[in-house]
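As provided, start.csv (CSV, C-alpha atoms) reads as follows.
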chain,number,residue,atom,x,y,z
U,1,MET,CA,68.5,104.5,84.2
U,2,ALA,CA,70.6,104.3,87.4
U,3,GLU,CA,71.5,107.4,89.3
U,4,ILE,CA,74.5,108.4,91.5
U,5,ILE,CA,73.7,108.9,95.2
U,6,THR,CA,76.0,110.8,97.6
U,7,PHE,CA,76.6,110.2,101.3
U,8,ARG,CA,79.1,111.1,104.0
U,9,ASN,CA,81.9,108.6,103.8
U,10,HIS,CA,83.9,109.7,106.9
U,11,GLY,CA,87.2,109.1,105.1
U,12,ALA,CA,86.4,105.6,103.7
U,13,ARG,CA,87.8,105.0,100.3
U,14,LEU,CA,85.2,104.3,97.6
U,15,ILE,CA,85.8,101.6,95.0
U,16,ALA,CA,83.7,101.5,91.8
U,17,HIS,CA,82.3,98.0,91.5
U,18,ARG,CA,82.9,96.6,88.0
U,19,GLY,CA,83.3,100.2,87.0
U,20,CYS,CA,80.8,103.0,87.3
U,21,GLY,CA,77.3,101.7,87.6
U,22,LEU,CA,76.0,104.2,85.1
U,23,ARG,CA,77.4,102.1,82.3
U,24,VAL,CA,77.4,98.3,81.5
U,25,GLU,CA,79.5,96.4,84.1
U,26,ASN,CA,83.1,95.5,83.4
U,27,THR,CA,83.3,97.3,80.1
U,28,LEU,CA,85.7,100.0,79.0
U,29,PRO,CA,83.0,102.7,79.2
U,30,ALA,CA,82.2,101.8,82.8
U,31,PHE,CA,85.9,101.9,83.7
U,32,LYS,CA,86.5,105.2,81.9
U,33,LEU,CA,83.5,106.8,83.5
U,34,ALA,CA,84.7,105.6,86.9
U,35,GLY,CA,88.1,107.1,86.1
U,36,GLU,CA,86.4,110.5,85.6
U,37,ARG,CA,84.6,110.4,88.9
U,38,PRO,CA,85.9,110.8,92.5
U,39,TYR,CA,86.5,107.1,93.2
U,40,PHE,CA,89.7,105.8,94.9
U,41,GLY,CA,89.7,102.6,92.9
U,42,ILE,CA,88.1,100.6,90.1
U,43,GLU,CA,87.2,97.0,90.8
U,44,THR,CA,87.0,94.3,88.2
U,45,ASP,CA,87.1,90.5,87.7
U,46,ILE,CA,89.4,88.4,85.5
U,47,HIS,CA,89.3,84.8,84.3
U,48,ARG,CA,91.9,82.7,82.6
U,49,THR,CA,90.8,81.7,79.2
U,50,ARG,CA,91.2,78.2,77.7
U,51,ASP,CA,94.3,79.4,75.9
U,52,GLY,CA,96.0,81.0,78.9
U,53,ARG,CA,95.0,84.6,78.3
U,54,PHE,CA,93.2,86.8,80.9
U,55,ILE,CA,89.9,88.5,80.2
U,56,VAL,CA,87.6,90.8,82.1
U,57,PHE,CA,84.3,89.3,83.0
U,58,HIS,CA,82.4,88.5,86.2
U,59,ASP,CA,80.3,85.4,85.5
U,60,ASP,CA,81.6,81.9,84.9
U,61,ASP,CA,79.6,81.8,81.6
U,62,THR,CA,78.6,84.5,79.1
U,63,GLU,CA,74.8,84.0,78.8
U,64,ARG,CA,73.6,86.8,81.2
U,65,MET,CA,75.7,89.5,79.4
U,66,THR,CA,75.8,88.3,75.8
U,67,GLY,CA,72.8,86.0,75.3
U,68,HIS,CA,75.1,83.2,74.2
U,69,LYS,CA,76.3,80.6,76.7
U,70,HIS,CA,80.0,79.8,76.7
U,71,ILE,CA,82.0,78.7,79.8
U,72,VAL,CA,84.5,81.5,80.0
U,73,GLU,CA,87.5,79.4,81.2
U,74,GLU,CA,86.7,76.7,78.6
U,75,THR,CA,86.6,79.2,75.7
U,76,GLY,CA,89.5,80.8,73.8
U,77,TYR,CA,90.4,84.4,74.1
U,78,ALA,CA,89.5,85.4,70.5
U,79,ALA,CA,86.1,83.7,70.7
U,80,LEU,CA,85.3,85.6,73.9
U,81,ARG,CA,86.4,88.9,72.4
U,82,SER,CA,84.2,88.3,69.4
U,83,LEU,CA,81.0,88.3,71.6
U,84,ARG,CA,79.1,91.5,71.9
U,85,ILE,CA,77.6,92.9,75.1
U,86,PRO,CA,74.5,95.2,74.5
U,87,ASP,CA,74.1,98.5,76.2
U,88,PRO,CA,70.4,99.1,76.7
U,89,ASP,CA,70.8,102.7,77.9
U,90,HIS,CA,72.9,103.5,74.8
U,91,PRO,CA,71.2,101.5,71.9
U,92,GLU,CA,72.9,103.7,69.3
U,93,GLN,CA,76.3,102.2,70.4
U,94,GLU,CA,77.4,99.0,68.8
U,95,GLY,CA,77.8,96.0,71.1
U,96,LEU,CA,80.6,96.2,73.6
U,97,GLN,CA,83.3,93.5,74.0
U,98,MET,CA,85.0,92.0,77.0
U,99,PRO,CA,88.1,94.0,77.8
U,100,SER,CA,91.5,92.5,78.1
U,101,LEU,CA,93.3,92.7,81.4
U,102,GLU,CA,95.8,95.1,79.8
U,103,GLU,CA,93.0,97.5,78.6
U,104,TYR,CA,91.5,97.7,82.1
U,105,LEU,CA,94.9,98.3,83.7
U,106,HIS,CA,95.6,101.1,81.2
U,107,VAL,CA,92.4,102.9,82.1
U,108,CYS,CA,93.4,102.7,85.8
U,109,ARG,CA,96.9,103.9,85.1
U,110,ASP,CA,95.8,106.7,82.8
U,111,THR,CA,93.1,108.0,85.2
U,112,LYS,CA,95.3,107.5,88.3
U,113,LYS,CA,93.0,105.1,90.0
U,114,THR,CA,93.9,102.1,92.1
U,115,SER,CA,93.1,98.8,90.5
U,116,VAL,CA,91.2,96.4,92.7
U,117,LEU,CA,91.7,93.2,90.7
U,118,GLU,CA,89.7,90.0,91.5
U,119,LEU,CA,91.2,86.8,90.4
U,120,LYS,CA,88.1,84.6,89.7
U,121,ASN,CA,88.2,81.0,90.8
U,122,HIS,CA,91.4,79.1,91.5
U,123,MET,CA,94.5,80.1,89.5
U,124,ASP,CA,97.7,78.0,89.3
U,125,PRO,CA,101.0,79.6,90.3
U,126,GLU,CA,102.0,79.9,86.7
U,127,ASP,CA,98.9,81.9,85.9
U,128,VAL,CA,99.5,84.1,89.0
U,129,ASP,CA,103.0,84.8,87.8
U,130,ASN,CA,101.7,85.7,84.3
U,131,ILE,CA,99.2,88.1,85.9
U,132,VAL,CA,101.9,89.7,88.0
U,133,ASP,CA,104.1,90.1,84.9
U,134,ILE,CA,101.3,91.9,83.0
U,135,VAL,CA,100.6,94.2,85.9
U,136,MET,CA,104.3,95.1,86.1
U,137,ASN,CA,104.5,95.6,82.3
U,138,CYS,CA,101.6,98.1,82.7
U,139,SER,CA,103.4,99.9,85.5
U,140,MET,CA,100.6,99.3,87.9
U,141,LEU,CA,102.2,97.2,90.7
U,142,GLU,CA,102.3,100.1,93.1
U,143,ASN,CA,98.6,100.9,92.5
U,144,ILE,CA,96.9,97.6,92.7
U,145,ILE,CA,95.1,95.6,95.3
U,146,PHE,CA,94.6,91.9,94.5
U,147,ILE,CA,91.4,90.2,95.8
U,148,SER,CA,90.1,86.7,95.6
U,149,PHE,CA,87.8,84.2,97.3
U,150,ASP,CA,90.4,81.5,96.7
U,151,LEU,CA,93.0,81.5,99.5
U,152,PRO,CA,95.6,79.3,97.6
U,153,THR,CA,95.6,81.8,94.8
U,154,LEU,CA,96.4,84.6,97.2
U,155,VAL,CA,99.0,82.4,98.9
U,156,SER,CA,100.7,82.0,95.5
U,157,LEU,CA,100.6,85.8,95.1
U,158,ARG,CA,102.0,86.4,98.5
U,159,SER,CA,105.0,84.2,97.7
U,160,ARG,CA,105.7,86.3,94.7
U,161,LEU,CA,104.8,89.7,96.2
U,162,PRO,CA,105.6,89.7,99.9
U,163,GLU,CA,104.5,93.3,100.6
U,164,GLN,CA,101.6,93.7,98.1
U,165,PRO,CA,98.1,94.7,99.4
U,166,MET,CA,95.8,91.7,99.1
U,167,GLN,CA,92.3,91.1,100.3
U,168,LEU,CA,90.6,87.8,101.0
U,169,LEU,CA,86.9,87.9,99.8
U,170,ALA,CA,84.3,86.5,102.1
U,171,GLY,CA,80.6,86.2,102.0
U,172,GLU,CA,80.0,85.5,105.7
U,173,ASP,CA,81.3,86.1,109.2
U,174,ALA,CA,85.1,86.5,109.2
U,175,GLY,CA,85.7,85.0,112.7
U,176,ASN,CA,87.1,81.8,111.3
U,177,LEU,CA,89.4,83.6,108.9
U,178,MET,CA,91.5,85.5,111.4
U,179,ALA,CA,94.3,82.9,111.4
U,180,ASP,CA,94.6,82.9,107.6
U,181,LEU,CA,94.4,86.7,107.4
U,182,THR,CA,97.1,87.1,110.0
U,183,ASN,CA,99.4,84.3,108.7
U,184,TYR,CA,99.4,85.5,105.1
U,185,GLN,CA,99.2,89.3,105.8
U,186,LEU,CA,95.9,89.6,104.1
U,187,ASP,CA,93.2,92.2,104.5
U,188,LEU,CA,89.5,91.4,104.3
U,189,ASP,CA,86.8,92.2,101.6
U,190,ILE,CA,83.5,91.0,103.1
U,191,TYR,CA,79.8,91.1,102.2
U,192,TYR,CA,78.7,94.1,104.2
U,193,ARG,CA,75.6,92.5,105.8
U,194,SER,CA,77.8,89.8,107.3
U,195,LEU,CA,79.9,92.4,109.2
U,196,THR,CA,79.1,93.6,112.7
U,197,GLU,CA,80.6,96.6,114.4
U,198,LYS,CA,82.1,94.3,117.0
U,199,ARG,CA,83.7,92.1,114.4
U,200,PHE,CA,85.0,95.1,112.5
U,201,HIS,CA,86.8,96.4,115.5
U,202,GLN,CA,88.3,93.0,116.3
U,203,LEU,CA,89.7,92.9,112.7
U,204,HIS,CA,91.0,96.5,112.9
U,205,ASN,CA,92.6,95.9,116.3
U,206,ALA,CA,94.5,93.0,114.7
U,207,GLY,CA,95.8,95.3,112.0
U,208,ILE,CA,93.5,94.0,109.2
U,209,ARG,CA,92.0,96.6,106.8
U,210,VAL,CA,88.4,96.0,105.9
U,211,ASN,CA,86.6,96.5,102.5
U,212,VAL,CA,82.9,95.9,102.3
U,213,TRP,CA,80.9,94.9,99.3
U,214,THR,CA,78.6,95.8,97.6
U,215,VAL,CA,77.0,98.7,99.3
U,216,ASP,CA,74.4,100.8,97.4
U,217,ASN,CA,72.2,102.0,100.2
U,218,PRO,CA,73.5,105.4,101.5
U,219,ASP,CA,72.3,104.8,105.1
U,220,ASP,CA,74.1,101.5,105.3
U,221,ALA,CA,77.2,103.0,103.8
U,222,GLU,CA,77.2,105.9,106.2
U,223,GLU,CA,76.9,103.6,109.2
U,224,LEU,CA,79.7,101.4,107.9
U,225,SER,CA,81.9,104.3,107.2
U,226,SER,CA,81.2,105.8,110.7
U,227,TRP,CA,82.6,102.6,112.2
U,228,GLY,CA,85.9,103.3,110.3
U,229,VAL,CA,85.8,100.7,107.5
U,230,ASP,CA,88.7,101.4,105.1
U,231,TYR,CA,87.0,100.8,101.8
U,232,ILE,CA,83.4,100.6,100.5
U,233,THR,CA,82.8,98.9,97.2
U,234,THR,CA,79.8,100.3,95.4
U,235,ASN,CA,77.9,100.5,92.2
U,236,LEU,CA,76.3,103.9,92.6
U,237,LEU,CA,77.5,105.7,95.7
U,238,GLU,CA,79.8,108.7,95.7
U,239,SER,CA,81.2,110.8,98.5
U,240,ALA,CA,79.6,114.1,99.5
U,241,GLU,CA,82.9,115.0,101.1
U,242,GLU,CA,86.4,115.7,99.9
U,243,ASP,CA,88.3,112.4,99.7
U,244,THR,CA,90.8,112.1,102.6
U,245,VAL,CA,93.7,109.8,103.1
U,246,LYS,CA,93.6,107.5,106.1
U,247,ASP,CA,96.6,107.5,108.5
U,248,GLY,CA,99.4,105.3,107.1
U,249,GLU,CA,98.1,105.4,103.5
U,250,ASN,CA,99.9,107.1,100.6
This entry written out as structure tokens:
Amino acid sequence: MAEIITFRNHGARLIAHRGCGLRVENTLPAFKLAGERPYFGIETDIHRTRDGRFIVFHDDDTERMTGHKHIVEETGYAALRSLRIPDPDHPEQEGLQMPSLEEYLHVCRDTKKTSVLELKNHMDPEDVDNIVDIVMNCSMLENIIFISFDLPTLVSLRSRLPEQPMQLLAGEDAGNLMADLTNYQLDLDIYYRSLTEKRFHQLHNAGIRVNVWTVDNPDDAEELSSWGVDYITTNLLESAEEDTVKDGEN
């Protein structure tokens, strides 16, 4: 069974990757446990289903988590919800199901955590508008950071929400992204091994906040936090220090 590891976070905000890593990823138990622990935010992933609903799941197909292969975005919401996700560490518990976007947001709201919401794949402006409406109906707009690998999706979001925190996801060096980050007022969420201290300071000097994913080694996390990264997305790390607010953050 996985174990929580503590480290000195130097004020970096910690984000629970797909919920707390002590429970099955992207399930309500993982979100609820993250809500009980000293995380700043809870990250998750959503897909648009075939019938235009939004469901919490990471992969493009369901085989890894359920043992049955269905393409998430080609399958209806009810069919996806009927699938069961086993929990090997809690075999006494009946199979879990994929949460709805609303269920995830309610956990974040009720536990006073920031939602870090990844929009998987490309989403059309109509879908982006529907997501924003759901977020607003759940009273979470002031406590959410949108993230995506898909720049056009974030551009659609930016047109609807001019002041909203958003992060462009990247898996490699961010040097060629500076113009897009600046033009669309986006922060960066980057794979941590792709980030150098020099590049980090270039980004910070340009006013771009930096989130690093997914960091589970405490030595790596402490080095990154000593540079001054704003957020660390992690499965199992927790702060050994009292959480502090960076200058300019609420």
Would you pick out the contacts of stretch 40-42 of chain U at 9 Å or less, using all atoms listed in the file, so that residues sharing its chain but fewer than 4 positions from it are not included, and give the list as a PDB file with C-alpha atoms, in the coordinates of the input?
ATOM      1  CA  ARG U  13      87.800 105.000 100.300  1.00  0.00           C
ATOM      2  CA  LEU U  14      85.200 104.300  97.600  1.00  0.00           C
ATOM      3  CA  ILE U  15      85.800 101.600  95.000  1.00  0.00           C
ATOM      4  CA  ALA U  16      83.700 101.500  91.800  1.00  0.00           C
ATOM      5  CA  HIS U  17      82.300  98.000  91.500  1.00  0.00           C
ATOM      6  CA  ARG U  18      82.900  96.600  88.000  1.00  0.00           C
ATOM      7  CA  GLY U  19      83.300 100.200  87.000  1.00  0.00           C
ATOM      8  CA  CYS U  20      80.800 103.000  87.300  1.00  0.00           C
ATOM      9  CA  PHE U  31      85.900 101.900  83.700  1.00  0.00           C
ATOM     10  CA  ALA U  34      84.700 105.600  86.900  1.00  0.00           C
ATOM     11  CA  GLY U  35      88.100 107.100  86.100  1.00  0.00           C
ATOM     12  CA  CYS U 108      93.400 102.700  85.800  1.00  0.00           C
ATOM     13  CA  LYS U 112      95.300 107.500  88.300  1.00  0.00           C
ATOM     14  CA  LYS U 113      93.000 105.100  90.000  1.00  0.00           C
ATOM     15  CA  THR U 114      93.900 102.100  92.100  1.00  0.00           C
ATOM     16  CA  SER U 115      93.100  98.800  90.500  1.00  0.00           C
ATOM     17  CA  VAL U 116      91.200  96.400  92.700  1.00  0.00           C
ATOM     18  CA  LEU U 117      91.700  93.200  90.700  1.00  0.00           C
ATOM     19  CA  ILE U 144      96.900  97.600  92.700  1.00  0.00           C
ATOM     20  CA  TYR U 231      87.000 100.800 101.800  1.00  0.00           C
ATOM     21  CA  THR U 233      82.800  98.900  97.200  1.00  0.00           C
ATOM     22  CA  ASP U 243      88.300 112.400  99.700  1.00  0.00           C
TER      23      ASP U 243
END
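Counting all atoms listed in the file and comparing U:Ile55, U:Arg199, U:Glu163, U:Asp87, the residue that lies closest to U:Asn176 is U:Arg199.
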10 Å contact set for U:Gly21, only C-alpha atoms, chain neighbours under 3 positions out, as a list in words
Met1, Ala2, Glu3, Ile4, Ala16, His17, Arg18, Val24, Glu25, Asn26, Ala30, Phe31, Leu33, Ala34, Thr234, Asn235, Leu236 and Leu237 of chain U
Since we have the selection now, will you write its residues out, keeping C-alpha atoms, as a PDB file, in the frame of the given file?
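Dumped everything to again_6.pdb:
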ATOM      1  CA  MET U   1      68.500 104.500  84.200  1.00  0.00           C
ATOM      2  CA  ALA U   2      70.600 104.300  87.400  1.00  0.00           C
ATOM      3  CA  GLU U   3      71.500 107.400  89.300  1.00  0.00           C
ATOM      4  CA  ILE U   4      74.500 108.400  91.500  1.00  0.00           C
ATOM      5  CA  ALA U  16      83.700 101.500  91.800  1.00  0.00           C
ATOM      6  CA  HIS U  17      82.300  98.000  91.500  1.00  0.00           C
ATOM      7  CA  ARG U  18      82.900  96.600  88.000  1.00  0.00           C
ATOM      8  CA  VAL U  24      77.400  98.300  81.500  1.00  0.00           C
ATOM      9  CA  GLU U  25      79.500  96.400  84.100  1.00  0.00           C
ATOM     10  CA  ASN U  26      83.100  95.500  83.400  1.00  0.00           C
ATOM     11  CA  ALA U  30      82.200 101.800  82.800  1.00  0.00           C
ATOM     12  CA  PHE U  31      85.900 101.900  83.700  1.00  0.00           C
ATOM     13  CA  LEU U  33      83.500 106.800  83.500  1.00  0.00           C
ATOM     14  CA  ALA U  34      84.700 105.600  86.900  1.00  0.00           C
ATOM     15  CA  THR U 234      79.800 100.300  95.400  1.00  0.00           C
ATOM     16  CA  ASN U 235      77.900 100.500  92.200  1.00  0.00           C
ATOM     17  CA  LEU U 236      76.300 103.900  92.600  1.00  0.00           C
ATOM     18  CA  LEU U 237      77.500 105.700  95.700  1.00  0.00           C
TER      19      LEU U 237
END
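For the atom pair formed by atom CA of U:Tyr192 and atom CA of U:Pro29, the distance is 26.8 Å, given to one decimal.
Pairwise distance (atom CA of U:Leu157, atom CA of U:Thr214) equals 24.3 Å.
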Considering all atoms listed in the file, give me a table of residues in stretch 3-121 of chain U that are at most 10 Å from stretch 126-142 of chain U, with the closest atom pair and distance in Å for each, as a Markdown table.
| residue | atom | partner | partner_atom | distance |
| --- | --- | --- | --- | --- |
| U:Ile46 | CA | U:Ile131 | CA | 9.8 |
| U:Arg48 | CA | U:Asp127 | CA | 7.8 |
| U:Gly52 | CA | U:Asp127 | CA | 7.6 |
| U:Arg53 | CA | U:Asp127 | CA | 9.0 |
| U:Phe54 | CA | U:Ile131 | CA | 7.9 |
| U:Leu101 | CA | U:Ile134 | CA | 8.2 |
| U:Glu102 | CA | U:Ile134 | CA | 7.1 |
| U:Glu103 | CA | U:Cys138 | CA | 9.5 |
| U:Leu105 | CA | U:Cys138 | CA | 6.8 |
| U:His106 | CA | U:Cys138 | CA | 6.9 |
| U:Cys108 | CA | U:Met140 | CA | 8.2 |
| U:Arg109 | CA | U:Met140 | CA | 6.5 |
| U:Lys112 | CA | U:Met140 | CA | 9.8 |
| U:Lys113 | CA | U:Met140 | CA | 9.8 |
| U:Thr114 | CA | U:Met140 | CA | 8.4 |
| U:Ser115 | CA | U:Met140 | CA | 8.0 |
| U:Leu119 | CA | U:Val128 | CA | 8.8 |
